[in-house]
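Okay, so here's the structure we're looking at.
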Amino acid sequence: MTDLSHRIEAKRDELIALTQDLIRIPTLNPPGENYRAICDYLHHQLAARGFACELVRAVGAPGDSDRYPRWNLVARREGTRPGDCVHFNSHHDVVEVGKGWTRDPFGAELDGDRIYGRGACDMKGGLAASIIAAEAFLETHPDHAGAVEISATADEESGGYGGVAYLAREGWFAPERVQHVIIPEPLNKDRICLGHRGGWWAEIETKGEIAHGSMPFLGDCAVRHMGAVLAAFEERLFPAMAARHTEMPVVPEGARSSTMNINAIHGGQPENPPDFDGLPAHCVPDSCRIVIDRRFLIEETVEGVRDEVIGLLDDLKARRENFDYEIRELNRVIPSMTDRDAPVVRTVTEAIREELGLEASYVASPGSYDQKHIDRIGKLKNCIAYGPGVLELAHKPDEWVGVTDMLDSARVMGRSLERLLLPS
């Protein structure tokens with residue numbers, strides 16, 4: 001092991017404590033709780049180690065309000081001479097807890113080699129590992145060139161518009177300011193994630209006419225019309241998507257085809273509150289809405305994805321009596337893919353080989369993460385995701401991150417800093 005690797009291993013207890021402290025701050029999104037608390041905690045942690053820290057609120061971003069302000073932290077430590085800036089970006093928000101936990105979701109229990117809790121894997125373990133790697137590098141090499149930067153950003157779990165997207169628009173990821181970005185998402189310690197598929201989200205509403213439920217022939221049932229939409233998806237769209245395959249190294253295998261999830265369906269009488277025990281009203285529903293989550297391949301275009309859905313709806317309108325619809329786009333994400341020969345990819349590949357004795361594998365994510373904003377808004381292409389944790393544990397009950405995996409990933413991150421910020 002190198003001096004830096006030994007120093008990282010010696011920080012095992014610090015890494016565990018830091019990870020536990022971060023998990024115990026319940027930064028739930030939605031609605032966006034405790035964002036300032038976690039940024040203040042990290043400010044205190046990093047400022048004490050010589051980082052210049054800035055708190056940045058994404059004023060006006062989706063979800064930002066006085067009750068739930070979208071706070072981000074950017075911390076930078078300059079070297080003794082000019083050089084590149086290596087930036088570690090982690091999101092600090094976590095998804096809802098959900099059901100099925102056997103441990104306290106915010107207890108950060110250490111059991112053997114695992115730390116349990118919501119956000120342990122996705123991605124407070126990665127955030128902690130990057131901080132420990134940076135601290136150990138700075139302690140070992142105080143005379144390094146360039147700069148080390150760490151950010152903890154908001155709202156990745158809801159698109160990143162109150163976090164990295166806002167920072168990118170404000171110039172924080174401008175290529176003249178930052179040259180290399182590593183996002184410690186949980187993708188396994190021997191894998192480098194080069195990018196992600198695209199996404200297109202839309203709400204579709206079918207129209208009907210209200211009438212008495214005993215005389216449905218006097219109205220027009222919007223839910224039945226939506227049934228025809230779902231049937232067309234099953235018969236035509238889903239088979240067409242399954243037949244498409246990408247050259248991107250997307251994991252798991254099922255995500256190498258186009259996919260679509262029916263995210264929500266609402267129609268007719270609203271769902272009653274739990275304490276209501278009355279009977280339903282007798283009405284024909286005049287509206288039904290679904291939300292679709294369409295993930296597409298780099299070989300497709302977002303315009304083609306949209307037009308395919310609209311084409312199916314227009315075909316139903318031409319063939320089905322009284323069928324009418326409205327469609328509203330909710331969001332779009334263009335696929336992102338970093339070249340395998342990019343400097344940060346080559347650097348982390350060598351670091352994995354040197355520190356872990358493994359050959360890195362190259363993957364792409366089935367869903368999007370904040371690389372999309374660094375790429376599309378920041379115009380910075382030299383960006384990857386690399387971090388500890390098992391991707392399949394994200395958003396699941398009893399989520400955990402391995403301490404050994406965090407230490408191994410921290411060693412890879414630290415070795416990457418050496419390769420990028422020290423003289424060859």
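Naming works like this for the structure tokens: A, B, ... for the chains as they're shown, residue 1 at the start of each chain, ligands 1 onward in shown order.
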Considering only C-alpha atoms, tabulate each residue of region 191-273 of chain A that lies at most 6 Å from region 320-343 of chain A along with its nearest interatomic pair and the corresponding distance in Å to one decimal; arrange the rows by chain and ascending residue number and present them as JSON lines.
```
{"residue": "A:Leu194", "atom": "CA", "partner": "A:Thr338", "partner_atom": "CA", "distance": 5.1}
{"residue": "A:Gly195", "atom": "CA", "partner": "A:Met337", "partner_atom": "CA", "distance": 4.3}
{"residue": "A:His196", "atom": "CA", "partner": "A:Ser336", "partner_atom": "CA", "distance": 5.5}
{"residue": "A:Arg197", "atom": "CA", "partner": "A:Pro335", "partner_atom": "CA", "distance": 4.6}
{"residue": "A:Gly198", "atom": "CA", "partner": "A:Pro335", "partner_atom": "CA", "distance": 4.1}
{"residue": "A:Gly199", "atom": "CA", "partner": "A:Val333", "partner_atom": "CA", "distance": 4.9}
{"residue": "A:Trp200", "atom": "CA", "partner": "A:Arg332", "partner_atom": "CA", "distance": 4.5}
{"residue": "A:Trp201", "atom": "CA", "partner": "A:Asn331", "partner_atom": "CA", "distance": 5.2}
{"residue": "A:Ala202", "atom": "CA", "partner": "A:Glu329", "partner_atom": "CA", "distance": 4.3}
{"residue": "A:Glu203", "atom": "CA", "partner": "A:Arg328", "partner_atom": "CA", "distance": 5.2}
{"residue": "A:Ile204", "atom": "CA", "partner": "A:Ile327", "partner_atom": "CA", "distance": 4.5}
{"residue": "A:Glu205", "atom": "CA", "partner": "A:Glu326", "partner_atom": "CA", "distance": 5.2}
{"residue": "A:Thr206", "atom": "CA", "partner": "A:Tyr325", "partner_atom": "CA", "distance": 4.4}
{"residue": "A:Lys207", "atom": "CA", "partner": "A:Asp324", "partner_atom": "CA", "distance": 5.5}
```
Emit the selected residues as an mmCIF file, in the first residue's frame, including C-alpha atoms.
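Final output, again.cif:
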```
data_model
loop_
_atom_site.group_PDB
_atom_site.id
_atom_site.type_symbol
_atom_site.label_atom_id
_atom_site.label_comp_id
_atom_site.auth_asym_id
_atom_site.auth_seq_id
_atom_site.Cartn_x
_atom_site.Cartn_y
_atom_site.Cartn_z
ATOM 1 C CA LEU A 194 -19.861 6.403 -18.122
ATOM 2 C CA GLY A 195 -23.386 7.796 -18.384
ATOM 3 C CA HIS A 196 -27.066 6.998 -18.425
ATOM 4 C CA ARG A 197 -30.148 6.446 -20.549
ATOM 5 C CA GLY A 198 -32.584 9.226 -21.390
ATOM 6 C CA GLY A 199 -35.971 9.843 -19.819
ATOM 7 C CA TRP A 200 -39.260 11.343 -20.973
ATOM 8 C CA TRP A 201 -42.113 11.857 -18.530
ATOM 9 C CA ALA A 202 -45.640 12.844 -19.526
ATOM 10 C CA GLU A 203 -49.183 12.973 -18.195
ATOM 11 C CA ILE A 204 -51.944 11.658 -20.452
ATOM 12 C CA GLU A 205 -55.578 12.510 -19.776
ATOM 13 C CA THR A 206 -58.533 10.838 -21.457
ATOM 14 C CA LYS A 207 -61.788 12.779 -21.561
#
```
Write out as JSON lines a residue-level contact list of region 278-390 of chain A versus region 223-231 of chain A with cut-off 12 Å: for each qualifying residue the closest pair of atoms and the distance in Å to one decimal, counting only C-alpha atoms, rows sorted by chain and residue number upward.
```
{"residue": "A:Cys283", "atom": "CA", "partner": "A:Val223", "partner_atom": "CA", "distance": 11.9}
{"residue": "A:Val284", "atom": "CA", "partner": "A:Val223", "partner_atom": "CA", "distance": 8.9}
{"residue": "A:Pro285", "atom": "CA", "partner": "A:Val223", "partner_atom": "CA", "distance": 6.7}
{"residue": "A:Asp286", "atom": "CA", "partner": "A:Val223", "partner_atom": "CA", "distance": 8.0}
{"residue": "A:Ser287", "atom": "CA", "partner": "A:Val223", "partner_atom": "CA", "distance": 7.1}
{"residue": "A:Cys288", "atom": "CA", "partner": "A:Val223", "partner_atom": "CA", "distance": 5.5}
{"residue": "A:Arg289", "atom": "CA", "partner": "A:Met226", "partner_atom": "CA", "distance": 7.8}
{"residue": "A:Ile290", "atom": "CA", "partner": "A:Met226", "partner_atom": "CA", "distance": 8.3}
{"residue": "A:Val291", "atom": "CA", "partner": "A:Leu230", "partner_atom": "CA", "distance": 11.7}
{"residue": "A:Ile292", "atom": "CA", "partner": "A:Leu230", "partner_atom": "CA", "distance": 10.8}
{"residue": "A:Val309", "atom": "CA", "partner": "A:Val229", "partner_atom": "CA", "distance": 9.9}
{"residue": "A:Ile310", "atom": "CA", "partner": "A:Val229", "partner_atom": "CA", "distance": 10.8}
{"residue": "A:Gly311", "atom": "CA", "partner": "A:Val229", "partner_atom": "CA", "distance": 11.5}
{"residue": "A:Leu312", "atom": "CA", "partner": "A:Val229", "partner_atom": "CA", "distance": 8.0}
{"residue": "A:Leu313", "atom": "CA", "partner": "A:Val229", "partner_atom": "CA", "distance": 7.1}
{"residue": "A:Asp314", "atom": "CA", "partner": "A:Val229", "partner_atom": "CA", "distance": 10.5}
{"residue": "A:Asp315", "atom": "CA", "partner": "A:Val229", "partner_atom": "CA", "distance": 10.2}
{"residue": "A:Leu316", "atom": "CA", "partner": "A:Val229", "partner_atom": "CA", "distance": 7.7}
{"residue": "A:Lys317", "atom": "CA", "partner": "A:His225", "partner_atom": "CA", "distance": 9.9}
{"residue": "A:Arg319", "atom": "CA", "partner": "A:Ala228", "partner_atom": "CA", "distance": 11.0}
{"residue": "A:Arg320", "atom": "CA", "partner": "A:His225", "partner_atom": "CA", "distance": 8.6}
{"residue": "A:Glu321", "atom": "CA", "partner": "A:His225", "partner_atom": "CA", "distance": 9.5}
{"residue": "A:Asn322", "atom": "CA", "partner": "A:His225", "partner_atom": "CA", "distance": 8.9}
{"residue": "A:Phe323", "atom": "CA", "partner": "A:His225", "partner_atom": "CA", "distance": 6.5}
{"residue": "A:Asp324", "atom": "CA", "partner": "A:His225", "partner_atom": "CA", "distance": 8.4}
{"residue": "A:Tyr325", "atom": "CA", "partner": "A:His225", "partner_atom": "CA", "distance": 9.1}
{"residue": "A:Glu326", "atom": "CA", "partner": "A:Met226", "partner_atom": "CA", "distance": 11.6}
```
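Taking only C-alpha atoms, the non-local environment of Ile182 (chain A) within 9 Å (same-chain residues fewer than 3 positions away omitted) comprises A:Val86, A:His87, A:Phe88, A:Asn89, A:Ser90, A:Glu185, A:Val344, A:Asn382, A:Cys383, A:Ile384, A:Ala385, A:Tyr386, A:Gly387, A:Met413.
Distance check against Lys396 (chain A) using only C-alpha atoms: of A:His144, A:Lys99, A:Arg57, A:Arg353, the minimum falls on A:Lys99.
Remark: for Cys85 (chain A), the closest of the candidate residues A:Gly107, A:Gly146, A:Gly162, A:Gly219 is A:Gly146 (distances computed over only C-alpha atoms).
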Find the spatial neighbours of Arg67 (chain A), counting only C-alpha atoms, within a cut-off of 12 Å - ignore same-chain residues fewer than 4 positions away - and output them as a short mmCIF file (atom, residue, chain, number, x, y, z; two decimals) with all heavy atoms, in the first residue's frame.
```
data_model
loop_
_atom_site.label_atom_id
_atom_site.label_comp_id
_atom_site.auth_asym_id
_atom_site.auth_seq_id
_atom_site.Cartn_x
_atom_site.Cartn_y
_atom_site.Cartn_z
N PRO A 31 -40.29 16.32 1.14
CA PRO A 31 -40.41 17.66 0.56
C PRO A 31 -39.08 18.42 0.45
O PRO A 31 -39.01 19.44 -0.20
CB PRO A 31 -41.33 18.37 1.54
CG PRO A 31 -40.99 17.76 2.87
CD PRO A 31 -40.68 16.32 2.58
N GLY A 32 -38.02 17.91 1.11
CA GLY A 32 -36.75 18.63 1.13
C GLY A 32 -36.39 19.05 2.54
O GLY A 32 -36.08 20.21 2.80
N GLU A 33 -36.40 18.10 3.45
CA GLU A 33 -36.18 18.39 4.86
C GLU A 33 -34.69 18.37 5.21
O GLU A 33 -33.93 17.57 4.68
CB GLU A 33 -36.91 17.37 5.73
CG GLU A 33 -38.43 17.42 5.58
CD GLU A 33 -39.13 16.34 6.39
OE1 GLU A 33 -38.43 15.44 6.90
OE2 GLU A 33 -40.36 16.39 6.48
N ASN A 34 -34.31 19.29 6.11
CA ASN A 34 -32.98 19.29 6.73
C ASN A 34 -31.83 19.51 5.75
O ASN A 34 -30.69 19.14 6.03
CB ASN A 34 -32.75 17.98 7.50
CG ASN A 34 -33.75 17.79 8.61
OD1 ASN A 34 -33.91 18.64 9.48
ND2 ASN A 34 -34.47 16.66 8.59
N TYR A 35 -32.10 20.15 4.63
CA TYR A 35 -31.03 20.44 3.68
C TYR A 35 -30.01 21.40 4.29
O TYR A 35 -28.81 21.24 4.10
CB TYR A 35 -31.61 21.05 2.40
CG TYR A 35 -32.30 20.09 1.46
CD1 TYR A 35 -32.52 18.76 1.79
CD2 TYR A 35 -32.74 20.52 0.21
CE1 TYR A 35 -33.15 17.88 0.92
CE2 TYR A 35 -33.36 19.66 -0.68
CZ TYR A 35 -33.57 18.34 -0.32
OH TYR A 35 -34.18 17.49 -1.21
N ARG A 36 -30.49 22.41 4.99
CA ARG A 36 -29.55 23.36 5.61
C ARG A 36 -28.75 22.68 6.72
O ARG A 36 -27.55 22.94 6.88
CB ARG A 36 -30.30 24.57 6.15
CG ARG A 36 -29.41 25.63 6.80
CD ARG A 36 -28.39 26.20 5.80
NE ARG A 36 -27.47 27.11 6.42
CZ ARG A 36 -27.54 28.44 6.34
NH1 ARG A 36 -28.54 29.00 5.66
NH2 ARG A 36 -26.65 29.19 6.91
N GLY A 63 -39.51 23.46 -6.16
CA GLY A 63 -39.52 23.01 -4.77
C GLY A 63 -38.92 23.98 -3.79
O GLY A 63 -39.14 23.85 -2.58
N TRP A 71 -30.78 24.05 -0.35
CA TRP A 71 -29.42 24.44 0.00
C TRP A 71 -28.41 23.44 -0.55
O TRP A 71 -28.61 22.23 -0.53
CB TRP A 71 -29.26 24.53 1.51
CG TRP A 71 -29.86 25.76 2.10
CD1 TRP A 71 -31.00 25.86 2.86
CD2 TRP A 71 -29.36 27.10 1.97
NE1 TRP A 71 -31.23 27.16 3.21
CE2 TRP A 71 -30.25 27.95 2.68
CE3 TRP A 71 -28.25 27.67 1.33
CZ2 TRP A 71 -30.06 29.33 2.77
CZ3 TRP A 71 -28.07 29.04 1.42
CH2 TRP A 71 -28.96 29.85 2.13
#
```
